[in-house]
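Peer 1: You'll find entry.txt just under this line, and it carries compact mmCIF, C-alpha atoms and all ligand atoms.
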# COMPACT_ATOMS: atom_id res chain seq x y z
CA MET A 238 -6.58 -20.76 0.81
CA ARG A 239 -9.98 -22.40 0.17
CA SER A 240 -11.43 -23.30 -3.19
CA GLN A 241 -11.88 -20.42 -5.59
CA ASP A 242 -14.33 -22.44 -7.69
CA TRP A 243 -17.03 -19.83 -7.13
CA LEU A 244 -15.04 -17.48 -9.37
CA GLY A 245 -15.82 -19.87 -12.25
CA GLY A 246 -19.42 -18.64 -12.31
CA LEU A 247 -18.37 -15.07 -13.09
CA ASP A 248 -17.75 -13.68 -16.53
CA GLU A 249 -14.21 -14.30 -17.74
CA ARG A 250 -13.00 -10.72 -17.36
CA LEU A 251 -14.13 -10.24 -13.77
CA ARG A 252 -12.97 -13.74 -12.88
CA ARG A 253 -9.45 -12.90 -14.05
CA GLN A 254 -9.46 -9.55 -12.27
CA LEU A 255 -10.57 -10.98 -8.92
CA GLY A 256 -8.23 -13.97 -9.32
CA PHE A 257 -5.32 -11.54 -9.75
CA LEU A 258 -6.37 -9.46 -6.74
CA ILE A 259 -6.56 -12.57 -4.55
CA GLU A 260 -3.23 -13.90 -5.84
CA ILE A 261 -1.33 -10.69 -5.09
CA ASP A 262 -2.35 -10.90 -1.44
CA ARG A 263 0.81 -13.01 -1.18
CA LEU A 264 2.92 -9.85 -1.45
CA LYS A 265 2.03 -9.32 2.23
CA THR A 266 4.20 -12.35 3.07
CA VAL A 267 7.33 -11.30 1.16
CA LEU A 268 9.80 -9.93 3.70
CA ARG A 269 12.44 -7.30 2.99
CA GLY A 270 15.65 -6.59 4.87
CA THR A 271 14.41 -3.19 6.05
CA ARG A 272 12.85 -2.85 9.50
CA ILE A 273 9.69 -0.88 10.16
CA ALA A 274 10.17 2.25 12.26
CA ASP A 275 9.24 0.72 15.63
CA GLU A 276 12.01 -1.87 15.08
CA SER A 277 9.61 -4.72 15.92
CA ARG A 278 10.03 -6.64 12.66
CA ARG A 279 11.06 -6.62 9.00
CA GLU A 280 8.95 -4.77 6.48
CA ASN A 281 6.87 -6.72 3.97
CA THR A 282 6.69 -5.70 0.35
CA ALA A 283 2.97 -4.86 0.31
CA GLU A 284 3.24 -2.29 3.09
CA HIS A 285 6.52 -1.03 1.56
CA SER A 286 4.61 -0.38 -1.67
CA TRP A 287 1.91 1.50 0.24
CA HIS A 288 4.54 3.63 1.95
CA LEU A 289 6.21 4.45 -1.37
CA ALA A 290 2.89 5.49 -2.91
CA LEU A 291 2.49 7.96 -0.04
CA PHE A 292 6.04 9.22 -0.67
CA ALA A 293 4.93 9.94 -4.24
CA LEU A 294 1.72 11.71 -3.20
CA VAL A 295 3.57 13.91 -0.70
CA LEU A 296 6.88 14.55 -2.50
CA ALA A 297 5.94 14.76 -6.21
CA GLU A 298 6.67 18.51 -6.27
CA HIS A 299 10.37 17.80 -5.72
CA ALA A 300 10.83 15.83 -8.94
CA ASP A 301 13.38 17.59 -11.15
CA ASP A 302 11.31 16.91 -14.28
CA ALA A 303 7.56 17.30 -13.84
CA VAL A 304 5.88 13.95 -13.17
CA ASP A 305 2.39 12.53 -13.60
CA THR A 306 1.54 11.57 -10.02
CA LEU A 307 -0.97 8.82 -10.91
CA ARG A 308 1.56 7.16 -13.21
CA VAL A 309 4.22 7.30 -10.50
CA VAL A 310 1.82 5.98 -7.87
CA ARG A 311 0.68 3.14 -10.14
CA MET A 312 4.29 2.14 -10.85
CA LEU A 313 5.13 2.10 -7.15
CA LEU A 314 2.03 0.10 -6.25
CA ILE A 315 2.88 -2.63 -8.75
CA HIS A 316 6.68 -2.44 -9.07
CA ASP A 317 7.39 -5.22 -6.58
CA ILE A 318 4.50 -7.63 -7.33
CA VAL A 319 7.06 -9.82 -9.15
CA GLU A 320 8.61 -10.54 -5.73
CA ILE A 321 5.73 -12.96 -5.09
CA ASP A 322 7.57 -15.39 -7.37
CA ALA A 323 11.08 -13.93 -7.52
CA GLY A 324 11.62 -12.86 -3.91
CA ASP A 325 13.09 -9.57 -2.71
CA THR A 326 16.48 -8.51 -4.04
CA PRO A 327 18.43 -6.92 -1.22
CA VAL A 328 20.12 -3.67 -2.30
CA PHE A 329 23.24 -4.67 -0.37
CA GLY A 330 24.56 -8.18 -1.03
CA GLY A 331 22.46 -10.69 -2.90
CA THR A 332 21.73 -12.48 -6.11
CA PRO A 333 23.63 -12.00 -9.40
CA ALA A 334 21.71 -9.31 -11.30
CA ALA A 335 21.23 -11.24 -14.56
CA GLU A 336 19.77 -14.26 -12.81
CA GLN A 337 17.42 -12.15 -10.71
CA ALA A 338 16.33 -10.13 -13.77
CA GLU A 339 15.39 -13.34 -15.57
CA ARG A 340 13.41 -14.57 -12.56
CA GLU A 341 11.57 -11.27 -12.42
CA GLN A 342 10.69 -11.38 -16.12
CA ARG A 343 9.14 -14.81 -15.65
CA ALA A 344 7.31 -13.59 -12.57
CA ALA A 345 5.93 -10.60 -14.48
CA ASP A 346 4.74 -12.92 -17.27
CA ARG A 347 2.89 -15.17 -14.85
CA LEU A 348 1.47 -12.63 -12.42
CA PHE A 349 0.37 -9.82 -14.75
CA GLY A 350 -0.72 -12.62 -17.12
CA LEU A 351 -3.53 -13.43 -14.70
CA LEU A 352 -5.29 -10.20 -15.73
CA PRO A 353 -7.50 -9.66 -18.81
CA ASP A 354 -5.32 -9.04 -21.89
CA ASP A 355 -5.72 -5.25 -22.07
CA GLN A 356 -4.76 -4.97 -18.40
CA VAL A 357 -1.81 -7.33 -18.86
CA ASP A 358 -0.47 -4.77 -21.35
CA GLU A 359 -1.26 -1.82 -19.09
CA PHE A 360 0.38 -3.29 -15.99
CA ARG A 361 3.28 -4.82 -17.85
CA SER A 362 4.16 -1.62 -19.65
CA SER A 363 4.06 0.29 -16.37
CA TRP A 364 6.38 -2.31 -14.80
CA ASP A 365 8.71 -2.30 -17.83
CA GLU A 366 8.85 1.49 -17.69
CA PHE A 367 9.79 1.39 -14.01
CA GLU A 368 12.50 -1.19 -14.63
CA ALA A 369 13.99 0.78 -17.53
CA ALA A 370 14.19 3.91 -15.34
CA GLU A 371 14.36 6.26 -18.30
CA THR A 372 11.20 8.38 -18.25
CA PRO A 373 10.85 11.17 -15.67
CA ASP A 374 8.03 9.24 -13.93
CA ALA A 375 10.13 6.08 -13.64
CA ARG A 376 13.28 7.94 -12.57
CA PHE A 377 11.34 9.63 -9.78
CA ALA A 378 9.65 6.38 -8.73
CA LYS A 379 13.02 4.61 -8.58
CA ALA A 380 14.46 7.48 -6.55
CA LEU A 381 11.70 7.12 -3.94
CA ASP A 382 12.35 3.37 -3.84
CA ARG A 383 15.93 4.19 -2.81
CA LEU A 384 15.05 7.02 -0.43
CA GLN A 385 12.50 5.17 1.72
CA PRO A 386 14.74 2.31 2.95
CA SER A 387 17.55 4.75 3.73
CA LEU A 388 15.21 6.88 5.84
CA LEU A 389 14.01 3.75 7.66
CA ASN A 390 17.60 2.65 8.27
CA HIS A 391 18.20 6.04 9.86
CA VAL A 392 15.01 5.83 11.90
CA VAL A 393 15.98 2.45 13.39
CA GLY A 394 19.63 3.39 13.85
CA GLY A 395 21.26 1.01 11.38
CA GLY A 396 18.98 -1.61 9.87
CA THR A 397 20.42 -3.06 6.66
CA TRP A 398 23.38 -0.63 6.90
CA THR A 399 24.49 -2.52 10.01
CA ASP A 400 23.47 -5.95 8.66
CA TYR A 401 25.78 -5.57 5.68
CA GLY A 402 28.46 -3.31 7.23
CA VAL A 403 27.71 -0.64 4.62
CA ASP A 404 30.01 2.41 4.41
CA GLU A 405 28.96 5.90 3.42
CA ALA A 406 30.53 5.72 -0.05
CA THR A 407 28.53 2.57 -0.84
CA GLU A 408 25.36 4.16 0.52
CA ARG A 409 25.92 7.28 -1.62
CA ALA A 410 26.57 5.18 -4.72
CA THR A 411 23.45 3.11 -4.06
CA THR A 412 21.24 6.17 -3.64
CA ARG A 413 22.69 8.37 -6.39
CA ARG A 414 19.30 8.20 -8.18
CA VAL A 415 17.71 10.29 -5.44
CA ALA A 416 19.79 13.44 -6.09
CA ASP A 417 19.60 12.84 -9.84
CA ALA A 418 15.79 12.77 -9.93
CA ALA A 419 15.03 15.16 -7.06
CA PRO A 420 17.88 17.41 -5.87
CA ALA A 421 16.10 18.61 -2.72
CA LEU A 422 15.48 15.01 -1.68
CA GLY A 423 19.13 14.24 -2.44
CA ASP A 424 20.16 17.03 -0.05
CA ALA A 425 17.84 15.69 2.64
CA LEU A 426 19.23 12.19 2.21
CA GLU A 427 22.78 13.57 2.44
CA ALA A 428 21.85 15.14 5.79
CA ALA A 429 20.49 11.78 7.01
CA ILE A 430 23.65 10.02 5.83
CA ALA A 431 25.92 12.50 7.59
CA ASP A 432 23.89 12.13 10.79
CA ALA A 433 24.02 8.33 10.50
CA VAL A 434 27.81 8.39 10.13
CA ALA A 435 28.10 10.71 13.13
CA ASN A 436 25.97 8.27 15.15
CA GLY A 437 27.91 5.20 14.06
CA TRP A 438 24.99 3.65 12.12
CA LEU A 439 26.87 3.84 8.82
CA ARG A 440 30.63 3.20 8.53
CA PRO A 441 32.74 6.23 7.58
CA ASN A 442 34.79 5.98 4.39
CA SER A 443 38.01 4.16 5.07
CA MET B 11 12.81 5.35 16.82
CA ARG B 12 16.05 7.35 17.02
CA SER B 13 16.37 11.11 17.13
CA GLN B 14 14.90 12.93 14.15
CA ASP B 15 16.92 16.07 14.99
CA TRP B 16 18.61 15.93 11.58
CA LEU B 17 15.27 16.91 10.03
CA GLY B 18 15.66 20.28 11.78
CA GLY B 19 18.35 21.28 9.29
CA LEU B 20 15.96 20.98 6.33
CA ASP B 21 13.69 23.69 5.07
CA GLU B 22 10.37 23.79 6.91
CA ARG B 23 8.29 22.36 4.07
CA LEU B 24 10.45 19.31 3.41
CA ARG B 25 10.92 18.76 7.14
CA ARG B 26 7.16 18.54 7.59
CA GLN B 27 6.74 16.25 4.60
CA LEU B 28 9.42 13.79 5.70
CA GLY B 29 8.23 13.95 9.31
CA PHE B 30 4.74 12.95 8.15
CA LEU B 31 6.10 10.11 5.99
CA ILE B 32 8.10 8.74 8.93
CA GLU B 33 5.16 9.09 11.34
CA ILE B 34 2.74 7.17 9.12
CA ASP B 35 5.07 4.16 9.14
CA ARG B 36 3.11 3.29 12.29
CA LEU B 37 0.14 2.24 10.15
CA LYS B 38 2.11 -0.97 9.52
CA THR B 39 1.54 -1.88 13.18
CA VAL B 40 -2.24 -1.34 13.27
CA LEU B 41 -3.89 -4.74 13.07
CA ARG B 42 -7.29 -5.46 11.58
CA GLY B 43 -9.61 -8.40 12.22
CA THR B 44 -9.21 -9.71 8.67
CA ARG B 45 -6.67 -12.48 7.97
CA ILE B 46 -4.33 -12.41 5.02
CA ALA B 47 -4.98 -15.10 2.41
CA ASP B 48 -2.41 -17.63 3.67
CA GLU B 49 -4.18 -17.53 7.07
CA SER B 50 -0.86 -16.98 8.87
CA ARG B 51 -1.80 -13.74 10.63
CA ARG B 52 -4.07 -10.70 10.77
CA GLU B 53 -3.79 -8.02 8.13
CA ASN B 54 -2.29 -4.66 9.01
CA THR B 55 -3.81 -1.42 7.81
CA ALA B 56 -0.87 -0.34 5.63
CA GLU B 57 -0.90 -3.50 3.52
CA HIS B 58 -4.72 -3.40 3.48
CA SER B 59 -4.51 0.11 1.98
CA TRP B 60 -2.06 -1.12 -0.67
CA HIS B 61 -4.40 -3.97 -1.55
CA LEU B 62 -7.37 -1.60 -1.88
CA ALA B 63 -5.41 0.71 -4.17
CA LEU B 64 -4.80 -2.29 -6.44
CA PHE B 65 -8.52 -3.10 -6.31
CA ALA B 66 -9.14 0.43 -7.60
CA LEU B 67 -6.54 0.18 -10.38
CA VAL B 68 -7.93 -3.15 -11.58
CA LEU B 69 -11.68 -2.69 -11.03
CA ALA B 70 -12.32 1.01 -11.79
CA GLU B 71 -14.20 0.12 -15.00
CA HIS B 72 -16.98 -1.47 -12.91
CA ALA B 73 -17.94 1.74 -11.12
CA ASP B 74 -21.54 2.62 -11.93
CA ASP B 75 -20.70 6.33 -12.23
CA ALA B 76 -17.40 7.06 -13.98
CA VAL B 77 -14.62 7.64 -11.46
CA ASP B 78 -11.27 9.44 -11.48
CA THR B 79 -8.89 6.59 -10.71
CA LEU B 80 -6.15 8.75 -9.15
CA ARG B 81 -8.65 10.37 -6.80
CA VAL B 82 -10.00 6.95 -5.78
CA VAL B 83 -6.49 5.56 -5.30
CA ARG B 84 -5.42 8.57 -3.23
CA MET B 85 -8.50 8.24 -1.00
CA LEU B 86 -7.83 4.55 -0.44
CA LEU B 87 -4.14 5.10 0.32
CA ILE B 88 -4.91 7.67 3.02
CA HIS B 89 -8.39 6.69 4.25
CA ASP B 90 -7.17 4.67 7.23
CA ILE B 91 -4.16 6.76 8.33
CA VAL B 92 -6.34 8.02 11.21
CA GLU B 93 -6.16 4.50 12.66
CA ILE B 94 -2.63 5.29 13.85
CA ASP B 95 -4.28 7.27 16.66
CA ALA B 96 -7.86 5.98 16.61
CA GLY B 97 -7.32 2.24 16.02
CA ASP B 98 -9.24 0.03 13.62
CA THR B 99 -13.03 -0.03 13.82
CA PRO B 100 -14.18 -3.59 13.22
CA VAL B 101 -17.11 -3.75 10.79
CA PHE B 102 -18.77 -6.37 13.00
CA GLY B 103 -19.00 -5.55 16.70
CA GLY B 104 -17.05 -2.64 18.12
CA THR B 105 -17.06 0.90 19.32
CA PRO B 106 -20.10 3.22 19.40
CA ALA B 107 -20.02 5.10 16.09
CA ALA B 108 -20.20 8.64 17.52
CA GLU B 109 -17.29 8.08 19.88
CA GLN B 110 -15.15 6.52 17.17
CA ALA B 111 -16.00 9.33 14.72
CA GLU B 112 -14.82 11.91 17.23
CA ARG B 113 -11.57 10.00 17.80
CA GLU B 114 -11.00 9.86 14.06
CA GLN B 115 -11.58 13.58 13.62
CA ARG B 116 -8.93 14.31 16.27
CA ALA B 117 -6.60 11.82 14.60
CA ALA B 118 -7.09 13.48 11.20
CA ASP B 119 -6.35 16.88 12.75
CA ARG B 120 -3.11 15.68 14.29
CA LEU B 121 -1.80 13.40 11.53
CA PHE B 122 -2.64 15.39 8.39
CA GLY B 123 -1.66 18.48 10.43
CA LEU B 124 1.96 17.31 10.28
CA LEU B 125 2.04 18.23 6.57
CA PRO B 126 2.63 21.70 5.05
CA ASP B 127 -0.60 23.72 5.13
CA ASP B 128 -1.58 23.29 1.47
CA GLN B 129 -1.13 19.53 1.77
CA VAL B 130 -3.09 19.46 5.03
CA ASP B 131 -6.01 20.83 3.02
CA GLU B 132 -5.46 18.43 0.12
CA PHE B 133 -5.23 15.30 2.26
CA ARG B 134 -7.93 16.38 4.67
CA SER B 135 -10.43 17.13 1.94
CA SER B 136 -9.74 13.76 0.33
CA TRP B 137 -10.31 12.04 3.69
CA ASP B 138 -13.47 14.10 4.37
CA GLU B 139 -14.79 13.20 0.93
CA PHE B 140 -14.20 9.50 1.58
CA GLU B 141 -15.92 9.69 4.95
CA ALA B 142 -18.95 11.52 3.52
CA ALA B 143 -19.33 8.83 0.82
CA GLU B 144 -21.37 11.09 -1.45
CA THR B 145 -19.30 11.65 -4.60
CA PRO B 146 -18.93 8.85 -7.19
CA ASP B 147 -15.21 8.51 -6.34
CA ALA B 148 -15.89 8.17 -2.62
CA ARG B 149 -18.83 5.79 -3.10
CA PHE B 150 -16.67 3.53 -5.23
CA ALA B 151 -13.73 3.72 -2.80
CA LYS B 152 -16.04 2.81 0.11
CA ALA B 153 -17.46 -0.08 -1.90
CA LEU B 154 -13.97 -1.53 -2.45
CA ASP B 155 -13.27 -1.12 1.27
CA ARG B 156 -16.26 -3.41 1.90
CA LEU B 157 -15.53 -5.86 -0.90
CA GLN B 158 -11.91 -6.67 -0.03
CA PRO B 159 -12.45 -7.99 3.53
CA SER B 160 -15.41 -10.10 2.38
CA LEU B 161 -13.29 -11.68 -0.35
CA LEU B 162 -10.54 -12.39 2.20
CA ASN B 163 -13.08 -13.92 4.60
CA HIS B 164 -14.11 -16.23 1.78
CA VAL B 165 -10.49 -17.03 0.89
CA VAL B 166 -9.66 -18.08 4.46
CA GLY B 167 -12.98 -19.89 4.98
CA GLY B 168 -14.54 -17.70 7.66
CA GLY B 169 -12.26 -15.04 9.14
CA THR B 170 -14.23 -12.27 10.83
CA TRP B 171 -17.51 -13.91 9.72
CA THR B 172 -16.69 -16.80 12.05
CA ASP B 173 -15.18 -14.58 14.78
CA TYR B 174 -18.43 -12.65 15.11
CA GLY B 175 -20.89 -15.38 14.11
CA VAL B 176 -22.12 -13.23 11.22
CA ASP B 177 -25.20 -14.36 9.25
CA GLU B 178 -25.79 -13.76 5.56
CA ALA B 179 -28.39 -11.02 6.12
CA THR B 180 -25.91 -9.05 8.25
CA GLU B 181 -23.19 -9.57 5.66
CA ARG B 182 -25.49 -8.36 2.86
CA ALA B 183 -26.52 -5.30 4.86
CA THR B 184 -22.89 -4.51 5.66
CA THR B 185 -21.81 -4.74 2.03
CA ARG B 186 -24.82 -3.10 0.37
CA ARG B 187 -22.52 -0.31 -0.84
CA VAL B 188 -20.79 -2.71 -3.22
CA ALA B 189 -23.85 -3.38 -5.40
CA ASP B 190 -24.91 0.28 -5.11
CA ALA B 191 -21.61 1.61 -6.48
CA ALA B 192 -20.66 -1.25 -8.82
CA PRO B 193 -23.44 -3.71 -9.78
CA ALA B 194 -21.09 -6.28 -11.37
CA LEU B 195 -18.99 -6.36 -8.20
CA GLY B 196 -22.19 -6.70 -6.17
CA ASP B 197 -23.12 -9.78 -8.24
CA ALA B 198 -19.64 -11.25 -7.71
CA LEU B 199 -19.88 -10.66 -3.97
CA GLU B 200 -23.30 -12.28 -3.90
CA ALA B 201 -21.77 -15.39 -5.51
CA ALA B 202 -19.04 -15.43 -2.85
CA ILE B 203 -21.64 -15.05 -0.08
CA ALA B 204 -23.78 -17.89 -1.45
CA ASP B 205 -20.69 -20.11 -1.68
CA ALA B 206 -19.66 -19.17 1.87
CA VAL B 207 -23.09 -20.06 3.22
CA ALA B 208 -22.99 -23.38 1.34
CA ASN B 209 -19.59 -24.09 2.91
CA GLY B 210 -20.69 -23.13 6.43
CA TRP B 211 -18.37 -20.09 6.66
CA LEU B 212 -21.29 -17.69 7.00
CA ARG B 213 -24.43 -18.51 8.99
CA PRO B 214 -27.62 -18.92 6.92
CA ASN B 215 -30.51 -16.58 7.72
CA SER B 216 -32.46 -17.90 10.65
CA CA C 501 11.03 -1.58 -3.83
Please rewrite the model in this file as structure tokens.
Peer 2:
Amino acid sequence: MRSQDWLGGLDERLRRQLGFLIEIDRLKTVLRGTRIADESRRENTAEHSWHLALFALVLAEHADDAVDTLRVVRMLLIHDIVEIDAGDTPVFGGTPAAEQAEREQRAADRLFGLLPDDQVDEFRSSWDEFEAAETPDARFAKALDRLQPSLLNHVVGGGTWTDYGVDEATERATTRRVADAAPALGDALEAAIADAVANGWLRPNS
Amino acid sequence: MRSQDWLGGLDERLRRQLGFLIEIDRLKTVLRGTRIADESRRENTAEHSWHLALFALVLAEHADDAVDTLRVVRMLLIHDIVEIDAGDTPVFGGTPAAEQAEREQRAADRLFGLLPDDQVDEFRSSWDEFEAAETPDARFAKALDRLQPSLLNHVVGGGTWTDYGVDEATERATTRRVADAAPALGDALEAAIADAVANGWLRPNS
């Protein structure tokens, strides 16, 4: 990355906004375990976030409690920006939760802190709401964040299910949020899980 | 991609919605001319769309006419889905406009046509509005779609400016929409252009 000195000539607010937008380009280099559908490579977190936002635009009607689509979309677009500093947390296997949570808090402080103060608050409260997973918007957003990788695992015939030798009980426990927040999507996921077990992409319960 | 027969067991509406969401995963494999900020590779259209949606969330206040942020974000998230069938159209160099426009219309018919009928209309009218670039929301969305690649060209010290030997007059003509829709962002872009010329990343006017 070349010198960003030219930003210094802008007014403080716009300088911070553009500095943030350039910094978050790095999310395109954070790799997840999930493969993209053509199986050619792992998915990065920026394109994952785009895909999730489309899930929200298309599937909002299935939320059990009515949701505000813009709020859900905003949460999904920013929910993983902390991975620029904290890295991806694989759903299966991985870092101790407390340690990762602390890393993500520091990442949120630094990254959202690049914005003008009022936007720090706006983005941070949206991220905190997502993490807490208590409001209808956040519960639905979290559900989509569980649904999408499972669908991609099915599409590629294994993916992280195979990588980690996941069984169907573990997969159901991991994705319980989907049925909780959107019963019709929970039913669809159950159909994908059953098909994956039948195809040998997900281990049957022992 | 493995068999999607399991979708057949779902109700028609959800089957179409999930089929669309799986199909558009292919946008992650459409490559643009622009490099990502770390200069390691070209940007794909899915992550580009994510980045633009963040531009809208952060910069909406600079729109000359007030905009509806959700409408702008939705447009930016879906505006390039047609590239799955039609490919990217480089801003500099490239396909005759009429031919590309026809390809994109066919792509919009096929891709948005995967959705349930009411959502076909919703997504198609958002895409048509973006393409027409007449409403305040669409003018602002189009402006961001011009601003982001120019900022990335500056960040990597050339990018598509160098690839196509672009001069500053061509760059200004190509990005005129930015100043038209958001004067403060036009001023910022002008500062980036002047800095790029000074650094030799953009050819001076002859
Ligand atoms: Ca995620």
Peer 1: When you count only C-alpha atoms, which of these residues is closest to chain B: A:Ala334, A:Ile315, A:Ala380, A:Val403?
Peer 2: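 So, comparing all the options, the nearest one is A:Ile315.
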Peer 1: With distances taken over only C-alpha atoms, which residue among A:Asp355, A:Asp365, A:Asp400, A:Asp424 lies nearest A:Arg250?
Peer 2: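 That would be A:Asp355, the residue with the smallest distance to A:Arg250.
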Peer 1: B:Ala111, B:Val101, B:Val82, B:Leu87: which is nearest chain A, counting all atoms listed in the file?
Peer 2: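 The shortest atom-to-atom distance to chain A comes from B:Leu87.
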Peer 1: Which polymer residues have any atom within 12 Å of an atom of B:Glu22, counting only C-alpha atoms, with same-chain residues fewer than 6 positions away left out, as a list in words?
Peer 2: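 These residues fall inside the cut-off: Ala425 of chain A; Leu28, Gly29, Leu124, Leu125, Pro126 and Asp127 of chain B.
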Peer 1: What is the distance between atom CA of B:Asp21 and atom CA of A:Phe377, in Å to one decimal?
Peer 2: 20.6 Å
Peer 1: Using all atoms listed in the file, what are the residues with an atom within 7 Å of ligand CA 501 (chain C), set out as a list in words?
Peer 2: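 Listed by chain and ascending number, the contacts are Ser286, His316, Asp317 and Asp382 of chain A.
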Peer 1: Using all atoms listed in the file for the distances, tell me which of B:Leu195, B:Ala179, B:Ala151, B:Ala117 is nearest to B:Ala66.
Peer 2: B:Ala151
Peer 1: Taking every listed atom of stretch 362-379 of chain A and adding 5 Å to each side, what centre and edge lengths in Å (one decimal) does the axis-aligned box have, as lines of an AutoDock Vina configuration file?
Peer 2:
center_x = 9.2
center_y = 4.4
center_z = -14.1
size_x = 20.3
size_y = 23.5
size_z = 21.1
Peer 1: Once you count all atoms listed in the file, what closest atom pair and distance in Å to one decimal does each residue of chain B within 6 Å of chain A have, with rows by chain and rising residue number, as JSON lines?
Peer 2:
{"residue": "B:Met11", "atom": "CA", "partner": "A:Val392", "partner_atom": "CA", "distance": 5.4}
{"residue": "B:Arg12", "atom": "CA", "partner": "A:Val392", "partner_atom": "CA", "distance": 5.4}
{"residue": "B:Asp48", "atom": "CA", "partner": "A:Met238", "partner_atom": "CA", "distance": 5.9}
{"residue": "B:Ala56", "atom": "CA", "partner": "A:Glu284", "partner_atom": "CA", "distance": 5.2}
{"residue": "B:Glu57", "atom": "CA", "partner": "A:Glu284", "partner_atom": "CA", "distance": 4.3}
{"residue": "B:Trp60", "atom": "CA", "partner": "A:Trp287", "partner_atom": "CA", "distance": 4.8}
{"residue": "B:Leu80", "atom": "CA", "partner": "A:Leu307", "partner_atom": "CA", "distance": 5.5}
{"residue": "B:Val165", "atom": "CA", "partner": "A:Met238", "partner_atom": "CA", "distance": 5.4}
{"residue": "B:Val166", "atom": "CA", "partner": "A:Met238", "partner_atom": "CA", "distance": 5.5}
Peer 1: Store the residues of this selection in a file with C-alpha atoms, as a PDB file, in the frame of the given file.
Peer 2:
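selection.pdb, written as the output of this step:
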ATOM      1  CA  MET B  11      12.810   5.350  16.820  1.00  0.00           C
ATOM      2  CA  ARG B  12      16.050   7.350  17.020  1.00  0.00           C
ATOM      3  CA  ASP B  48      -2.410 -17.630   3.670  1.00  0.00           C
ATOM      4  CA  ALA B  56      -0.870  -0.340   5.630  1.00  0.00           C
ATOM      5  CA  GLU B  57      -0.900  -3.500   3.520  1.00  0.00           C
ATOM      6  CA  TRP B  60      -2.060  -1.120  -0.670  1.00  0.00           C
ATOM      7  CA  LEU B  80      -6.150   8.750  -9.150  1.00  0.00           C
ATOM      8  CA  VAL B 165     -10.490 -17.030   0.890  1.00  0.00           C
ATOM      9  CA  VAL B 166      -9.660 -18.080   4.460  1.00  0.00           C
TER      10      VAL B 166
END
Peer 1: Extract, using all atoms listed in the file, all DNA, RNA and protein residues at most 7 Å from A:Asp301, discarding same-chain residues fewer than 4 positions from it, and format them as JSON, numbers by chain.
Peer 2: {"A": [418, 419, 420]}
Peer 1: Please complete stretch 343-352 of chain A with N, CA, C and O atoms and give it back as a CSV table (one decimal), in the coordinates of the input.
Peer 2:
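To be explicit, this is the file written out as rebuild06.csv:
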chain,number,residue,atom,x,y,z
A,343,ARG,N,10.1,-13.7,-15.7
A,343,ARG,CA,9.1,-14.8,-15.6
A,343,ARG,C,8.0,-14.5,-14.7
A,343,ARG,O,6.8,-14.9,-14.9
A,344,ALA,N,8.3,-13.9,-13.6
A,344,ALA,CA,7.3,-13.6,-12.6
A,344,ALA,C,6.3,-12.6,-13.1
A,344,ALA,O,5.1,-12.7,-12.9
A,345,ALA,N,6.8,-11.6,-13.9
A,345,ALA,CA,5.9,-10.6,-14.5
A,345,ALA,C,5.0,-11.3,-15.5
A,345,ALA,O,3.8,-11.0,-15.6
A,346,ASP,N,5.6,-12.2,-16.3
A,346,ASP,CA,4.7,-12.9,-17.3
A,346,ASP,C,3.6,-13.6,-16.6
A,346,ASP,O,2.4,-13.6,-17.0
A,347,ARG,N,3.9,-14.4,-15.5
A,347,ARG,CA,2.9,-15.2,-14.8
A,347,ARG,C,1.9,-14.3,-14.1
A,347,ARG,O,0.7,-14.5,-14.3
A,348,LEU,N,2.4,-13.4,-13.3
A,348,LEU,CA,1.5,-12.6,-12.4
A,348,LEU,C,0.6,-11.6,-13.2
A,348,LEU,O,-0.6,-11.6,-13.0
A,349,PHE,N,1.2,-10.8,-14.0
A,349,PHE,CA,0.4,-9.8,-14.8
A,349,PHE,C,-0.5,-10.6,-15.8
A,349,PHE,O,-1.6,-10.2,-16.1
A,350,GLY,N,0.0,-11.8,-16.2
A,350,GLY,CA,-0.7,-12.6,-17.1
A,350,GLY,C,-2.0,-13.1,-16.6
A,350,GLY,O,-2.8,-13.7,-17.3
A,351,LEU,N,-2.3,-13.0,-15.3
A,351,LEU,CA,-3.5,-13.4,-14.7
A,351,LEU,C,-4.7,-12.5,-15.1
A,351,LEU,O,-5.8,-12.8,-15.0
A,352,LEU,N,-4.3,-11.2,-15.4
A,352,LEU,CA,-5.3,-10.2,-15.7
A,352,LEU,C,-5.9,-10.4,-17.1
A,352,LEU,O,-5.3,-11.1,-18.0
